[in-house]
Every structure is written in C-alpha cells, then in structure tokens.
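model_25.txt (compact mmCIF, C-alpha atoms) appears below.
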# COMPACT_ATOMS: atom_id res chain seq x y z
CA MET A 1 5.62 20.91 8.63
CA THR A 2 8.03 19.79 5.93
CA LEU A 3 7.59 17.23 3.17
CA VAL A 4 10.66 15.59 1.64
CA HIS A 5 9.96 13.61 -1.53
CA ARG A 6 12.39 11.73 -3.77
CA GLU A 7 10.42 12.46 -6.92
CA ALA A 8 9.96 15.80 -8.72
CA GLU A 9 6.24 15.87 -7.85
CA LEU A 10 3.59 13.94 -5.95
CA HIS A 11 2.65 10.67 -7.63
CA ARG A 12 -0.56 10.67 -9.64
CA HIS A 13 -1.78 7.74 -7.52
CA VAL A 14 -1.87 9.69 -4.25
CA LYS A 15 -5.48 9.39 -3.10
CA TYR A 16 -7.58 11.78 -5.17
CA TRP A 17 -9.12 13.47 -2.14
CA ILE A 18 -5.76 14.06 -0.43
CA LYS A 19 -3.49 15.18 -3.28
CA PRO A 20 -5.17 18.57 -3.97
CA ASP A 21 -5.13 19.40 -0.26
CA ILE A 22 -1.40 18.70 0.02
CA GLU A 23 -0.64 20.61 -3.19
CA ASN A 24 -2.66 23.62 -2.01
CA ARG A 25 -0.97 23.63 1.40
CA ILE A 26 2.44 23.59 -0.32
CA LYS A 27 1.35 26.42 -2.64
CA ASN A 28 0.09 28.45 0.35
CA GLY A 29 3.31 27.86 2.32
CA GLU A 30 1.59 25.83 5.04
CA ILE A 31 3.82 22.86 4.16
CA ALA A 32 7.46 23.36 3.15
CA ALA A 33 8.27 20.90 0.38
CA HIS A 34 11.58 19.57 -0.92
CA PHE A 35 11.09 17.58 -4.13
CA SER A 36 13.81 15.54 -5.86
CA SER A 37 15.34 15.32 -2.39
CA ARG A 38 16.11 12.74 0.26
CA VAL A 39 16.84 12.55 3.97
CA THR A 40 20.49 11.72 4.61
CA GLY A 41 20.56 12.13 8.38
CA ILE A 42 18.25 12.38 11.37
CA ASP A 43 19.58 13.81 14.61
CA LEU A 44 17.86 14.70 17.88
CA ASP A 45 16.48 18.03 16.65
CA THR A 46 17.58 18.32 12.99
CA VAL A 47 17.22 16.52 9.70
CA THR A 48 19.82 16.69 6.93
CA LEU A 49 18.48 16.74 3.40
CA GLU A 50 20.15 16.22 0.05
CA THR A 51 18.32 18.59 -2.31
CA PRO A 52 18.95 19.76 -5.88
CA GLN A 53 20.41 22.93 -4.29
CA GLY A 54 22.80 20.89 -2.10
CA LEU A 55 22.77 19.74 1.53
CA LYS A 56 20.34 21.48 3.88
CA THR A 57 19.77 21.08 7.58
CA SER A 58 16.28 21.62 8.92
CA ALA A 59 15.06 21.82 12.52
CA ASN A 60 12.70 19.03 13.44
CA ASP A 61 10.68 17.71 16.36
CA PHE A 62 9.84 14.31 14.86
CA VAL A 63 10.07 12.37 11.59
CA PHE A 64 7.52 10.12 9.93
CA ALA A 65 9.28 7.76 7.53
CA MET A 66 6.66 7.07 4.87
CA THR A 67 8.48 4.83 2.46
CA GLY A 68 5.67 3.57 0.25
CA TYR A 69 4.58 0.03 -0.45
CA ARG A 70 5.47 -2.50 -3.09
CA PRO A 71 3.94 -5.99 -3.00
CA ASP A 72 6.23 -9.00 -2.56
CA PHE A 73 5.15 -10.89 -5.65
CA SER A 74 8.00 -13.41 -5.35
CA PHE A 75 6.63 -14.61 -1.99
CA LEU A 76 3.17 -15.23 -3.43
CA GLU A 77 4.62 -16.89 -6.53
CA SER A 78 6.72 -19.18 -4.31
CA LEU A 79 3.42 -20.38 -2.85
CA GLY A 80 2.10 -21.08 -6.34
CA VAL A 81 -0.16 -18.03 -6.66
CA ARG A 82 -0.41 -17.12 -10.35
CA MET A 83 -0.04 -13.51 -11.47
CA GLU A 84 -1.66 -12.16 -14.62
CA GLY A 85 -1.08 -9.15 -16.85
CA GLU A 86 1.34 -6.26 -16.73
CA HIS A 87 0.15 -5.28 -13.23
CA ARG A 88 0.78 -8.80 -11.93
CA THR A 89 -2.71 -9.18 -10.52
CA PRO A 90 -3.00 -12.40 -8.48
CA VAL A 91 -5.54 -14.96 -9.61
CA TYR A 92 -8.29 -15.20 -6.99
CA ASP A 93 -12.02 -15.74 -6.56
CA ALA A 94 -13.69 -12.32 -6.33
CA ASP A 95 -16.30 -13.60 -3.85
CA THR A 96 -14.07 -15.46 -1.38
CA LEU A 97 -10.64 -13.93 -2.17
CA GLU A 98 -9.18 -17.45 -2.26
CA SER A 99 -6.26 -17.55 -4.66
CA ASN A 100 -5.73 -20.19 -7.31
CA VAL A 101 -3.96 -22.14 -4.54
CA PRO A 102 -6.58 -23.74 -2.30
CA GLY A 103 -6.39 -22.37 1.24
CA ILE A 104 -4.41 -19.24 0.37
CA TYR A 105 -6.55 -16.13 0.64
CA LEU A 106 -5.58 -12.61 -0.36
CA ALA A 107 -6.58 -9.37 1.36
CA GLY A 108 -5.72 -5.70 1.13
CA VAL A 109 -3.87 -3.96 -1.65
CA ILE A 110 -2.32 -7.19 -2.95
CA VAL A 111 -5.61 -8.12 -4.66
CA ALA A 112 -4.93 -5.31 -7.14
CA GLY A 113 -1.39 -6.47 -7.91
CA ALA A 114 0.90 -3.54 -8.70
CA ARG A 115 -2.09 -1.15 -8.80
CA THR A 116 -1.87 -0.61 -5.03
CA ASN A 117 -3.67 2.72 -5.37
CA GLU A 118 -6.99 0.97 -6.06
CA ILE A 119 -7.55 -0.56 -2.63
CA PHE A 120 -8.12 1.69 0.39
CA ILE A 121 -9.42 1.24 3.90
CA GLU A 122 -12.83 2.16 2.51
CA ASN A 123 -13.02 -0.74 0.04
CA GLY A 124 -10.51 -3.18 1.52
CA ARG A 125 -11.99 -3.33 5.00
CA PHE A 126 -14.50 -5.96 3.89
CA HIS A 127 -11.87 -8.45 2.75
CA GLY A 128 -11.75 -10.18 6.13
CA ARG A 129 -15.50 -10.72 6.07
CA GLN A 130 -15.33 -12.14 2.53
CA ILE A 131 -12.54 -14.52 3.49
CA ALA A 132 -14.28 -15.65 6.68
CA ARG A 133 -17.51 -16.27 4.75
CA GLY A 134 -15.61 -18.23 2.08
CA ILE A 135 -13.86 -20.39 4.67
CA HIS A 136 -17.14 -20.95 6.53
CA GLU A 137 -18.90 -22.01 3.34
CA LYS A 138 -16.02 -24.30 2.37
CA LEU A 139 -15.94 -25.92 5.82
CA GLY A 140 -19.72 -26.14 5.96
CA THR A 141 -19.79 -27.92 2.59
CA ALA A 142 -16.94 -30.22 3.63
CA MET A 143 -18.64 -31.01 6.93
CA THR A 144 -21.94 -31.77 5.23
CA ALA A 145 -20.29 -33.84 2.52
CA GLY A 146 -18.42 -35.84 5.16
CA GLY A 147 -21.57 -36.48 7.15
CA ALA A 148 -20.59 -34.37 10.17
CA GLU A 149 -22.80 -31.52 11.29

Take the structure I supplied and represent it as structure tokens, if you would.
Amino acid sequence: MTLVHREAELHRHVKYWIKPDIENRIKNGEIAAHFSSRVTGIDLDTVTLETPQGLKTSANDFVFAMTGYRPDFSFLESLGVRMEGEHRTPVYDADTLESNVPGIYLAGVIVAGARTNEIFIENGRFHGRQIARGIHEKLGTAMTAGGAE
C-alpha cells in the first residue's frame, strides 16, 4: 500500500483515532508514503508520482483518489444563508438544523462551516432525524393553525 500526499505531513485534523494508526504503519514500513508529492499519471498497472526527489513510477493494482472536501459557501450564500466568524459557520437552529432562510436545512459537515473535521458519521448521522422532526413540527403547527388536522 502506498500513500501519496501533497503536504509535508498528515493534517492535524485527520480523525484522532486514525492518524496514529496511519503514522505507525508508515513508520513500520507497512505503508509506503510519499509526502510533498502528487500523482501525475495513472496507467493500467503503474502510477507516476512527482516527488521532491523527482519523478517516480510505482506499480499499482488500483487507485483511490481521496481529494478532500471543502464546503461550497458561495452556493449557500446565494440562497441567502448567512455565515458567521472566521470559520464561516452557517446560521442555523441547533434543534432543527433549519438555516436562517426558512425551508433551507443543513446537514453533515457543512453545519461546522470550514471546521469540517468536527462532524463525523458518528455525530452527523442524526441530522436527518433532526431535520425531519423540525419539518414535522413546522407542518404540524401550520396544519393546526390553519384548522386542518
């Protein structure tokens, strides 16, 4: 197994329970690692890397392109969702996840703005339930207020 990473080291926001395992496997030689490097070509059974030591070709069976994630703040802002602070955290109701724009709900890592390392499957998997409950309560209130049941 080979890891190719553009940066000089793993990011400090790699999940805290995964990072030491990866670092130890690199140290023990179980994972070959190329830091400050990038993939420049993928062929049927090789990968070409640009490394600080120059171009290298490595045998390969398959490639996982793990490119990271950056929220599209401009899309949310175009909808009128307000962002606050240096991390551009969207304004939303913590109970329902409805943004400051009625009817626009937020789920997943976007609720943390640029701090995408704070939301994981473990704590983000309940967002759908929160949103569904919020919509149900809103519709239930609207139905009752309008006289329909």

Rounded to one decimal place, report the CA of Leu3 (chain A)-CA of Gly113 (chain A) distance in Å.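 CA of Leu3 (chain A) sits 27.7 Å away from CA of Gly113 (chain A).
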
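Among the candidates A:Lys56, A:Gly124, A:Lys138, A:Glu118, the one nearest to Tyr16 (chain A) when counting only C-alpha atoms is A:Glu118.
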
At a cut-off of 12 Å, using all atoms listed in the file, what residues contact Asn123 (chain A)? Leave out same-chain residues fewer than 6 positions from it and give the result as an NGL selection string. :A and (107-109 or 111-112 or 117 or 129-130)

So that I can see what lies close to Phe35 (chain A), please list as a PyMOL selection string the residues with an atom at most 9 Å from it, counting all atoms listed in the file and leaving out residues fewer than 2 positions away in the same chain.
chain A and resi 3-10+33+37-38+51-52

Dump of C-alpha atoms for the selected residues, as a PDB file, in the coordinates of the input:
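Output file part-v3.pdb follows:
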ATOM      1  CA  LEU A   3       7.590  17.230   3.170  1.00  0.00           C
ATOM      2  CA  VAL A   4      10.660  15.590   1.640  1.00  0.00           C
ATOM      3  CA  HIS A   5       9.960  13.610  -1.530  1.00  0.00           C
ATOM      4  CA  ARG A   6      12.390  11.730  -3.770  1.00  0.00           C
ATOM      5  CA  GLU A   7      10.420  12.460  -6.920  1.00  0.00           C
ATOM      6  CA  ALA A   8       9.960  15.800  -8.720  1.00  0.00           C
ATOM      7  CA  GLU A   9       6.240  15.870  -7.850  1.00  0.00           C
ATOM      8  CA  LEU A  10       3.590  13.940  -5.950  1.00  0.00           C
ATOM      9  CA  ALA A  33       8.270  20.900   0.380  1.00  0.00           C
ATOM     10  CA  SER A  37      15.340  15.320  -2.390  1.00  0.00           C
ATOM     11  CA  ARG A  38      16.110  12.740   0.260  1.00  0.00           C
ATOM     12  CA  THR A  51      18.320  18.590  -2.310  1.00  0.00           C
ATOM     13  CA  PRO A  52      18.950  19.760  -5.880  1.00  0.00           C
TER      14      PRO A  52
END

Shell around Arg82 (chain A) at 12 Å using only C-alpha atoms, local window under 2 positions removed, as a PyMOL selection string
chain A and resi 73-80+84-85+88-92+98-101+104+111+113

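Using only C-alpha atoms, the shortest contact distance between Arg70 (chain A) and any of A:Leu44, A:Ala132, A:Ile119, A:Ala114 is found at A:Ala114.
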
Return the single residue from A:Gln53, A:Phe64, A:Ala94, A:Met1 that is closest to Ile31 (chain A), with distances computed using all atoms listed in the file.
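Between A:Gln53, A:Phe64, A:Ala94, A:Met1, the residue approaching Ile31 (chain A) most closely is A:Met1.
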
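Between Gly134 (chain A) and the candidates A:Glu50, A:Asp95, A:Asp43, A:Glu86, the tightest atom-to-atom separation, counting all atoms listed in the file, involves A:Asp95.
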
CA of Thr96 (chain A) to CA of Gly140 (chain A) measures 14.1 Å

Would you save region 15-148 of chain A from the block above with C-alpha atoms, as a compact mmCIF listing (two decimals), in the first residue's frame?
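Everything below was put into out-v3.txt:
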# COMPACT_ATOMS: atom_id res chain seq x y z
CA LYS A 15 -9.55 11.85 12.73
CA TYR A 16 -7.76 11.42 16.05
CA TRP A 17 -8.30 7.66 16.17
CA ILE A 18 -6.99 7.11 12.62
CA LYS A 19 -3.95 9.39 12.41
CA PRO A 20 -1.71 7.49 14.89
CA ASP A 21 -2.50 4.20 13.16
CA ILE A 22 -1.50 5.57 9.75
CA GLU A 23 1.64 7.20 11.16
CA ASN A 24 2.68 3.97 12.89
CA ARG A 25 2.09 1.90 9.76
CA ILE A 26 4.27 4.33 7.78
CA LYS A 27 6.97 4.18 10.46
CA ASN A 28 6.85 0.35 10.44
CA GLY A 29 7.04 0.21 6.63
CA GLU A 30 3.56 -1.29 6.25
CA ILE A 31 2.53 1.76 4.19
CA ALA A 32 4.96 3.41 1.78
CA ALA A 33 4.45 7.17 1.98
CA HIS A 34 5.38 9.97 -0.41
CA PHE A 35 4.84 13.38 1.19
CA SER A 36 5.11 16.71 -0.64
CA SER A 37 4.24 14.67 -3.72
CA ARG A 38 1.46 14.33 -6.27
CA VAL A 39 0.17 11.84 -8.80
CA THR A 40 0.89 12.99 -12.35
CA GLY A 41 -0.25 9.89 -14.22
CA ILE A 42 -2.27 6.72 -13.76
CA ASP A 43 -1.81 3.86 -16.21
CA LEU A 44 -3.17 0.32 -16.25
CA ASP A 45 -0.63 -1.04 -13.75
CA THR A 46 1.54 1.95 -12.75
CA VAL A 47 1.25 5.36 -11.17
CA THR A 48 3.65 8.21 -11.90
CA LEU A 49 4.49 10.46 -8.98
CA GLU A 50 6.15 13.85 -8.78
CA THR A 51 8.17 13.74 -5.55
CA PRO A 52 10.80 16.03 -4.01
CA GLN A 53 13.36 13.51 -5.35
CA GLY A 54 11.94 13.74 -8.90
CA LEU A 55 9.55 11.60 -10.96
CA LYS A 56 8.93 8.05 -9.75
CA THR A 57 6.89 5.25 -11.24
CA SER A 58 5.22 2.81 -8.89
CA ALA A 59 3.41 -0.45 -9.65
CA ASN A 60 -0.25 -0.36 -8.75
CA ASP A 61 -3.37 -2.50 -8.83
CA PHE A 62 -5.87 0.28 -8.10
CA VAL A 63 -6.03 3.93 -7.06
CA PHE A 64 -8.31 5.64 -4.57
CA ALA A 65 -8.47 9.36 -5.33
CA MET A 66 -9.14 10.94 -1.94
CA THR A 67 -9.16 14.61 -2.71
CA GLY A 68 -10.55 16.11 0.47
CA TYR A 69 -13.60 18.27 0.98
CA ARG A 70 -14.18 21.99 1.03
CA PRO A 71 -17.70 23.37 1.51
CA ASP A 72 -19.26 25.45 -1.28
CA PHE A 73 -20.03 28.53 0.79
CA SER A 74 -20.90 30.62 -2.28
CA PHE A 75 -23.80 28.28 -3.10
CA LEU A 76 -25.28 28.61 0.38
CA GLU A 77 -24.73 32.38 0.38
CA SER A 78 -26.50 32.63 -2.99
CA LEU A 79 -29.53 31.12 -1.23
CA GLY A 80 -29.29 33.76 1.49
CA VAL A 81 -27.74 31.58 4.19
CA ARG A 82 -25.65 33.81 6.47
CA MET A 83 -22.15 32.78 7.51
CA GLU A 84 -20.54 33.91 10.74
CA GLY A 85 -16.98 34.12 12.04
CA GLU A 86 -13.63 33.19 10.59
CA HIS A 87 -14.77 29.59 10.01
CA ARG A 88 -17.82 30.76 8.07
CA THR A 89 -20.25 28.78 10.18
CA PRO A 90 -23.76 28.92 8.70
CA VAL A 91 -26.51 30.40 10.84
CA TYR A 92 -28.97 27.64 11.76
CA ASP A 93 -31.25 26.42 14.53
CA ALA A 94 -29.34 23.80 16.55
CA ASP A 95 -32.52 21.77 17.20
CA THR A 96 -34.00 21.64 13.68
CA LEU A 97 -30.92 22.49 11.54
CA GLU A 98 -33.05 24.99 9.62
CA SER A 99 -30.87 27.82 8.38
CA ASN A 100 -31.69 31.50 8.71
CA VAL A 101 -33.56 31.03 5.41
CA PRO A 102 -36.91 29.37 6.11
CA GLY A 103 -37.14 25.95 4.45
CA ILE A 104 -33.40 25.51 3.92
CA TYR A 105 -31.97 22.88 6.23
CA LEU A 106 -28.31 21.99 6.69
CA ALA A 107 -26.84 18.55 7.35
CA GLY A 108 -23.43 16.95 7.54
CA VAL A 109 -20.10 18.71 7.78
CA ILE A 110 -21.48 21.99 6.45
CA VAL A 111 -23.03 22.77 9.86
CA ALA A 112 -19.48 23.32 11.16
CA GLY A 113 -18.52 25.69 8.34
CA ALA A 114 -14.83 25.40 7.46
CA ARG A 115 -14.22 23.18 10.52
CA THR A 116 -15.18 20.06 8.55
CA ASN A 117 -13.19 17.89 10.93
CA GLU A 118 -15.80 18.33 13.68
CA ILE A 119 -18.64 16.37 12.09
CA PHE A 120 -18.29 12.62 11.51
CA ILE A 121 -20.63 9.77 10.72
CA GLU A 122 -20.87 9.23 14.47
CA ASN A 123 -22.29 12.67 15.25
CA GLY A 124 -23.71 13.71 11.88
CA ARG A 125 -25.88 10.66 11.31
CA PHE A 126 -28.67 12.17 13.41
CA HIS A 127 -29.03 15.28 11.26
CA GLY A 128 -31.70 13.69 9.07
CA ARG A 129 -33.79 12.84 12.11
CA GLN A 130 -33.44 16.39 13.46
CA ILE A 131 -34.48 17.88 10.13
CA ALA A 132 -37.44 15.51 9.73
CA ARG A 133 -38.62 16.30 13.27
CA GLY A 134 -38.28 20.04 12.61
CA ILE A 135 -40.25 19.83 9.38
CA HIS A 136 -42.91 17.67 11.05
CA GLU A 137 -43.28 20.14 13.90
CA LYS A 138 -43.44 23.08 11.50
CA LEU A 139 -46.07 21.37 9.33
CA GLY A 140 -48.00 20.17 12.37
CA THR A 141 -48.11 23.72 13.75
CA ALA A 142 -49.09 25.12 10.35
CA MET A 143 -51.80 22.49 9.93
CA THR A 144 -53.21 23.16 13.38
CA ALA A 145 -53.05 26.92 12.93
CA GLY A 146 -54.87 26.61 9.60
CA GLY A 147 -57.58 24.44 11.08
CA ALA A 148 -56.65 21.26 9.20
